[in-house]
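Asker: Structure provided below as structure tokens; questions to follow.
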Amino acid sequence: MTVRTRFAPSPTGFLHIGGARTALFAWAYARKHHGSFVLRIEDTDLARSTPEAVQAILDGMTWLGLNWDEGPYYQMQRMDKYRQVIQQMLDEGSAYYCYCTKDELDVMRERQMQAGLKPRYDGRWRPEPGKILPEKPDDIPPVVRFKNPDSGTVAWDDLVKGRIEISNEELDDLVIARADGTPTYNFCVVVDDWEMNITHVIRGDDHVNNTPRQINMLKALRATIPQYAHLSMILGDDGQKLSKRHGAVSVMQYHEDGYLPEATLNYLARLGWSHGDDEVFDMTQFCQWFDLDHITPSAAQFNTEKLKWLNAHYIKQADLGALADDIRQRLMKSGVTVNDQPDLEAVIGLYRERVHTLNELADSIAYFYRKPGMDSAAWEKHVTPEIVPVLQGMAEQLASISWSAEAIHAVIDHTVQSHALKFPKVAMPLRVLITGGAQSPSIDAVMALLGQKEVLARIADGLEK
């Protein structure tokens with residue numbers, strides 16, 4: 001058997017973290033078994049599906065590097081196939097026309113609820129041997145319902161949750177085509193999984209209730225039943241269901257916020273799955289390790305601090321050229337033009353050990369390419385009247401040296417010793433004058449990159465404040 005998995009999002013919103021994890025697990029399972037990963041866009045909800053949402057899904061998948069082998073297939077382009085299968089089921093007797101009006105269905109449900117029963121279709125248009133059906137009304141377009149088995153159980157061995165059994169008496173006859181002829185979600189999924197030879201359906205556990213209906217329809221079509229693996233939900237940092245207020249708006253928002261796709265994937269892989277105590281691994285290693293046996297059936301909890309920690313790790317390991325390309329774009333968006341000097345890769349190399357996100361990195365180094373705003377509190381604390389003449393004398397020495405970090409350090413050391421000061425007494429005000437704040441890497445390394453002319457200009461401007 002060739003393993004075939006699929007990711008089938010509905011384009012009614014962005015690709016969020018939960019969907020991205022589902023896609024990752026389905027992709028990794030196919031890669032592990034040298035199978036195929038299919039991308040399918042389930043766009044039959046015409047009222048809510050948008051081209052922008054489709055593009056957002058494709059952008060998110062591309063950014064994460066979850067490449068698909070087939071697709072994207074669009075359900076709206078497969079309507080002829082769905083109608084063909086519906087007609088086949090009508091002809092074979094596994095589906096039938098139902099002429100109930102909305103008012104009739106409302107009354108039916110109301111009576112059942114008053115009687116303490118579960119609301120469900122009562123089968124009044126379901127054909128049975130010896131049953132006399134109501135007369136067909138001429139003015140009501142019918143829906144098509146699947147004739148669900150009315151006895152026995154439907155069961156499957158879920159690859160995450162274990163054995164699940166549902167009594168068929170709990171399931172009513174599902175509508176598979178609306179009155180206007182358009183097929184419904186559960187029916188389209190069945191036809192697609194069947195025709196695309198999907199062997200493993202890996203999806204969120206909000207679909208568990210759909211599974212028995214889908215299995216029964218697949219059986220009616222004499223199709224091979226795929227294996228199912230239902231992933232538990234993801235909770236936010238506060239233990240509540242992940243939602244927009246937790247930042248679960250779009251995977252691409254993580255890109256906007258300065259996370260690397262490698263870090264995001266590594267983090268998603270550990271949400272509900274583990275390989276011993278391993279925390280940091282690339283996707284090649286993940287695909288080799290990945291299995292469905294080590295997915296926990298309990299809810300996973302999102303941890304923003306852990307994601308930041310992983311992101312910091314990947315920033316430290318990233319190719320400097322690739323980082324420079326990204327940071328240049330982020331700086332341009334904030335109105336900062338990166339000049340040839342100082343060298344952007346060298347600047348990033350100086351700072352990347354100190355940050356957790358690419359946005360932090362871009363913000364931290366912006367002062368190399370534009371005059372920084374001055375932190376007034378830091379200026380008042382460190383640029384004291386006593387230190388001003390010391391800095392002025394040091395600036396005169398800096399103007400006469402051959403510019404390098406070593407030569408700069410020697411000047412600072414000489415200044416410290418000749419005035420019997422502690423190193424921070426000179427380094428801290430220098431940081432404030434040159435970077436605008438009191439935090440930076442080694443100030444001699446910063447000054448060396450910034451350049452002699454710019455450093456002397458900033459010292460002079462700062463002392464005149």
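Just so we're on the same page: first chain in the structure tokens is A, next is B, and so on; residues restart at 1 for each chain, and ligands are numbered from 1 in the order they show up.
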Might you pull out every residue within 12 Å of region 155-163 of chain A, with only C-alpha atoms counted and same-chain residues fewer than 2 positions away left off, and present them as a PyMOL selection string?

Answerer: chain A and resi 152-153+165-168+200-205+208-209+211-216+225-232+272-273+291-299

Asker: Write out as a ChimeraX atom specification each polymer residue whose atoms come within 7 Å of Glu70 (chain A), counting only C-alpha atoms; drop sequence neighbours fewer than 2 positions from it.

Answerer: /A:37-39,68,72

Asker: Could you write out that same residue set with all heavy atoms as an mmCIF file, in the first residue's frame?

Answerer:
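result-v3.cif, freshly written:
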```cif
data_model
loop_
_atom_site.group_PDB
_atom_site.id
_atom_site.type_symbol
_atom_site.label_atom_id
_atom_site.label_comp_id
_atom_site.auth_asym_id
_atom_site.auth_seq_id
_atom_site.Cartn_x
_atom_site.Cartn_y
_atom_site.Cartn_z
ATOM 1 N N PHE A 37 1.461 13.408 -0.499
ATOM 2 C CA PHE A 37 0.732 14.370 0.327
ATOM 3 C C PHE A 37 -0.111 15.229 -0.609
ATOM 4 O O PHE A 37 0.411 15.879 -1.516
ATOM 5 C CB PHE A 37 1.727 15.221 1.116
ATOM 6 C CG PHE A 37 1.100 16.331 1.916
ATOM 7 C CD1 PHE A 37 0.152 16.070 2.887
ATOM 8 C CD2 PHE A 37 1.476 17.652 1.693
ATOM 9 C CE1 PHE A 37 -0.421 17.092 3.629
ATOM 10 C CE2 PHE A 37 0.920 18.686 2.438
ATOM 11 C CZ PHE A 37 -0.034 18.405 3.405
ATOM 12 N N VAL A 38 -1.415 15.201 -0.394
ATOM 13 C CA VAL A 38 -2.372 15.869 -1.286
ATOM 14 C C VAL A 38 -2.929 17.122 -0.597
ATOM 15 O O VAL A 38 -3.310 17.071 0.572
ATOM 16 C CB VAL A 38 -3.527 14.908 -1.644
ATOM 17 C CG1 VAL A 38 -4.563 15.600 -2.524
ATOM 18 C CG2 VAL A 38 -2.990 13.646 -2.321
ATOM 19 N N LEU A 39 -2.981 18.220 -1.335
ATOM 20 C CA LEU A 39 -3.614 19.438 -0.828
ATOM 21 C C LEU A 39 -4.959 19.611 -1.520
ATOM 22 O O LEU A 39 -5.049 19.616 -2.753
ATOM 23 C CB LEU A 39 -2.732 20.659 -1.088
ATOM 24 C CG LEU A 39 -3.318 22.013 -0.642
ATOM 25 C CD1 LEU A 39 -3.588 22.028 0.864
ATOM 26 C CD2 LEU A 39 -2.387 23.153 -1.033
ATOM 27 N N TRP A 68 3.364 20.101 -1.328
ATOM 28 C CA TRP A 68 2.399 19.046 -1.629
ATOM 29 C C TRP A 68 2.760 18.375 -2.954
ATOM 30 O O TRP A 68 3.369 18.967 -3.840
ATOM 31 C CB TRP A 68 0.977 19.600 -1.663
ATOM 32 C CG TRP A 68 0.785 20.819 -2.520
ATOM 33 C CD1 TRP A 68 0.412 20.863 -3.826
ATOM 34 C CD2 TRP A 68 0.956 22.188 -2.111
ATOM 35 N NE1 TRP A 68 0.331 22.158 -4.259
ATOM 36 C CE2 TRP A 68 0.658 22.993 -3.236
ATOM 37 C CE3 TRP A 68 1.321 22.813 -0.913
ATOM 38 C CZ2 TRP A 68 0.716 24.395 -3.196
ATOM 39 C CZ3 TRP A 68 1.397 24.194 -0.880
ATOM 40 C CH2 TRP A 68 1.094 24.970 -1.997
ATOM 41 N N PRO A 72 -3.162 22.023 -5.668
ATOM 42 C CA PRO A 72 -4.401 21.939 -4.887
ATOM 43 C C PRO A 72 -5.620 21.597 -5.747
ATOM 44 O O PRO A 72 -5.785 22.133 -6.824
ATOM 45 C CB PRO A 72 -4.529 23.353 -4.293
ATOM 46 C CG PRO A 72 -3.759 24.237 -5.222
ATOM 47 C CD PRO A 72 -2.651 23.403 -5.774
#
```

Asker: As a PyMOL selection string, please: every residue in region 45-286 of chain A that a backbone DSSP assignment puts in alpha helix (DSSP H).

Answerer: chain A and resi 51-64+79-92+102-114+185-195+211-220+251-256+261-269+283-286

Asker: When distances are computed from only C-alpha atoms, which of A:Val383, A:Val355, A:Ala405, A:Cys188 shows the smallest separation from Ile434 (chain A)?

Answerer: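 Smallest distance to Ile434 (chain A) is found for A:Val383.
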
Asker: Which residues are close to Arg178 (chain A), i.e. within 7 Å by only C-alpha atoms, leaving aside same-chain residues fewer than 4 positions away? Reply as a ChimeraX atom specification.

Answerer: /A:143-144,182-184

Asker: Which of region 91-303 of chain A end up as strand (DSSP E) when DSSP is run on this backbone - answer as a VMD selection string?

Answerer: chain A and resid 95 to 98 143 to 146 153 to 158 162 to 167 175 to 177 200 to 204 227 to 231 234 to 235 300 to 301

Asker: Report the distance between CA of Tyr351 (chain A) and CA of Ala263 (chain A) in Å, rounded to one decimal place.

Answerer: 18.5 Å

Asker: Quick one: residues within 12 Å of Ser404 (chain A), only C-alpha atoms counted, chain neighbours fewer than 6 positions away excluded, as an NGL selection string?

Answerer: :A and (398 or 410-411 or 443-452)

Asker: Any chance you can output those residues with N, CA, C and O atoms as an mmCIF file, in the first residue's frame?

Answerer:
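Here's the written file selection33.cif:
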```cif
data_model
loop_
_atom_site.group_PDB
_atom_site.id
_atom_site.type_symbol
_atom_site.label_atom_id
_atom_site.label_comp_id
_atom_site.auth_asym_id
_atom_site.auth_seq_id
_atom_site.Cartn_x
_atom_site.Cartn_y
_atom_site.Cartn_z
ATOM 1 N N LEU A 398 40.139 59.330 19.703
ATOM 2 C CA LEU A 398 39.507 58.456 18.711
ATOM 3 C C LEU A 398 39.640 59.012 17.297
ATOM 4 O O LEU A 398 39.696 58.264 16.322
ATOM 5 N N ALA A 410 41.637 50.081 23.058
ATOM 6 C CA ALA A 410 42.849 50.630 23.699
ATOM 7 C C ALA A 410 42.627 52.067 24.145
ATOM 8 O O ALA A 410 43.072 52.467 25.235
ATOM 9 N N VAL A 411 41.930 52.858 23.342
ATOM 10 C CA VAL A 411 41.646 54.249 23.725
ATOM 11 C C VAL A 411 40.737 54.292 24.948
ATOM 12 O O VAL A 411 40.954 55.071 25.887
ATOM 13 N N ILE A 443 30.872 47.730 23.194
ATOM 14 C CA ILE A 443 30.785 49.038 22.555
ATOM 15 C C ILE A 443 31.912 49.265 21.562
ATOM 16 O O ILE A 443 31.724 49.954 20.558
ATOM 17 N N ASP A 444 33.083 48.672 21.796
ATOM 18 C CA ASP A 444 34.165 48.847 20.821
ATOM 19 C C ASP A 444 33.822 48.154 19.502
ATOM 20 O O ASP A 444 34.131 48.658 18.415
ATOM 21 N N ALA A 445 33.134 46.989 19.560
ATOM 22 C CA ALA A 445 32.727 46.300 18.339
ATOM 23 C C ALA A 445 31.651 47.090 17.602
ATOM 24 O O ALA A 445 31.662 47.181 16.366
ATOM 25 N N VAL A 446 30.721 47.675 18.362
ATOM 26 C CA VAL A 446 29.679 48.514 17.760
ATOM 27 C C VAL A 446 30.307 49.708 17.057
ATOM 28 O O VAL A 446 29.974 50.040 15.908
ATOM 29 N N MET A 447 31.235 50.378 17.741
ATOM 30 C CA MET A 447 31.881 51.572 17.176
ATOM 31 C C MET A 447 32.687 51.223 15.927
ATOM 32 O O MET A 447 32.703 51.977 14.950
ATOM 33 N N ALA A 448 33.344 50.067 15.964
ATOM 34 C CA ALA A 448 34.150 49.658 14.810
ATOM 35 C C ALA A 448 33.279 49.489 13.571
ATOM 36 O O ALA A 448 33.656 49.913 12.473
ATOM 37 N N LEU A 449 32.109 48.895 13.733
ATOM 38 C CA LEU A 449 31.214 48.700 12.599
ATOM 39 C C LEU A 449 30.573 50.004 12.144
ATOM 40 O O LEU A 449 30.377 50.226 10.945
ATOM 41 N N LEU A 450 30.223 50.845 13.100
ATOM 42 C CA LEU A 450 29.511 52.081 12.769
ATOM 43 C C LEU A 450 30.383 53.044 11.964
ATOM 44 O O LEU A 450 29.884 53.798 11.129
ATOM 45 N N GLY A 451 31.680 53.032 12.197
ATOM 46 C CA GLY A 451 32.591 53.888 11.432
ATOM 47 C C GLY A 451 33.028 55.110 12.215
ATOM 48 O O GLY A 451 32.282 55.667 13.035
ATOM 49 N N GLN A 452 34.253 55.544 11.947
ATOM 50 C CA GLN A 452 34.873 56.624 12.714
ATOM 51 C C GLN A 452 34.101 57.936 12.595
ATOM 52 O O GLN A 452 33.803 58.596 13.601
#
```

Asker: Report as CSV: every residue of region 53-113 of chain A with an atom at most 6 Å from region 133-142 of chain A, its closest pair of atoms, and their distance in Å to one decimal, counting only C-alpha atoms, with rows sorted by chain and ascending residue number.

Answerer:
```
residue,atom,partner,partner_atom,distance
A:Tyr97,CA,A:Pro142,CA,5.8
A:Cys98,CA,A:Pro142,CA,5.3
A:Tyr99,CA,A:Pro142,CA,4.6
```

Asker: Would you put the residues from that selection into a file with N, CA and C atoms, as a short mmCIF file (atom, residue, chain, number, x, y, z; two decimals), in the first residue's frame?

Answerer:
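For reference, result_12.cif as written:
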```
data_model
loop_
_atom_site.label_atom_id
_atom_site.label_comp_id
_atom_site.auth_asym_id
_atom_site.auth_seq_id
_atom_site.Cartn_x
_atom_site.Cartn_y
_atom_site.Cartn_z
N TYR A 97 -34.75 10.97 -1.96
CA TYR A 97 -35.23 12.35 -1.93
C TYR A 97 -36.09 12.58 -0.69
N CYS A 98 -35.91 13.74 -0.09
CA CYS A 98 -36.73 14.14 1.07
C CYS A 98 -37.35 15.50 0.77
N TYR A 99 -38.67 15.60 0.94
CA TYR A 99 -39.42 16.80 0.59
C TYR A 99 -39.84 17.62 1.81
#
```

Asker: For Ala366 (chain A), which of A:Gln253, A:Asn210, A:Ser334, A:Thr415 is the closest residue, counting only C-alpha atoms?

Answerer: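 Closest residue, counting only C-alpha atoms: A:Ser334.
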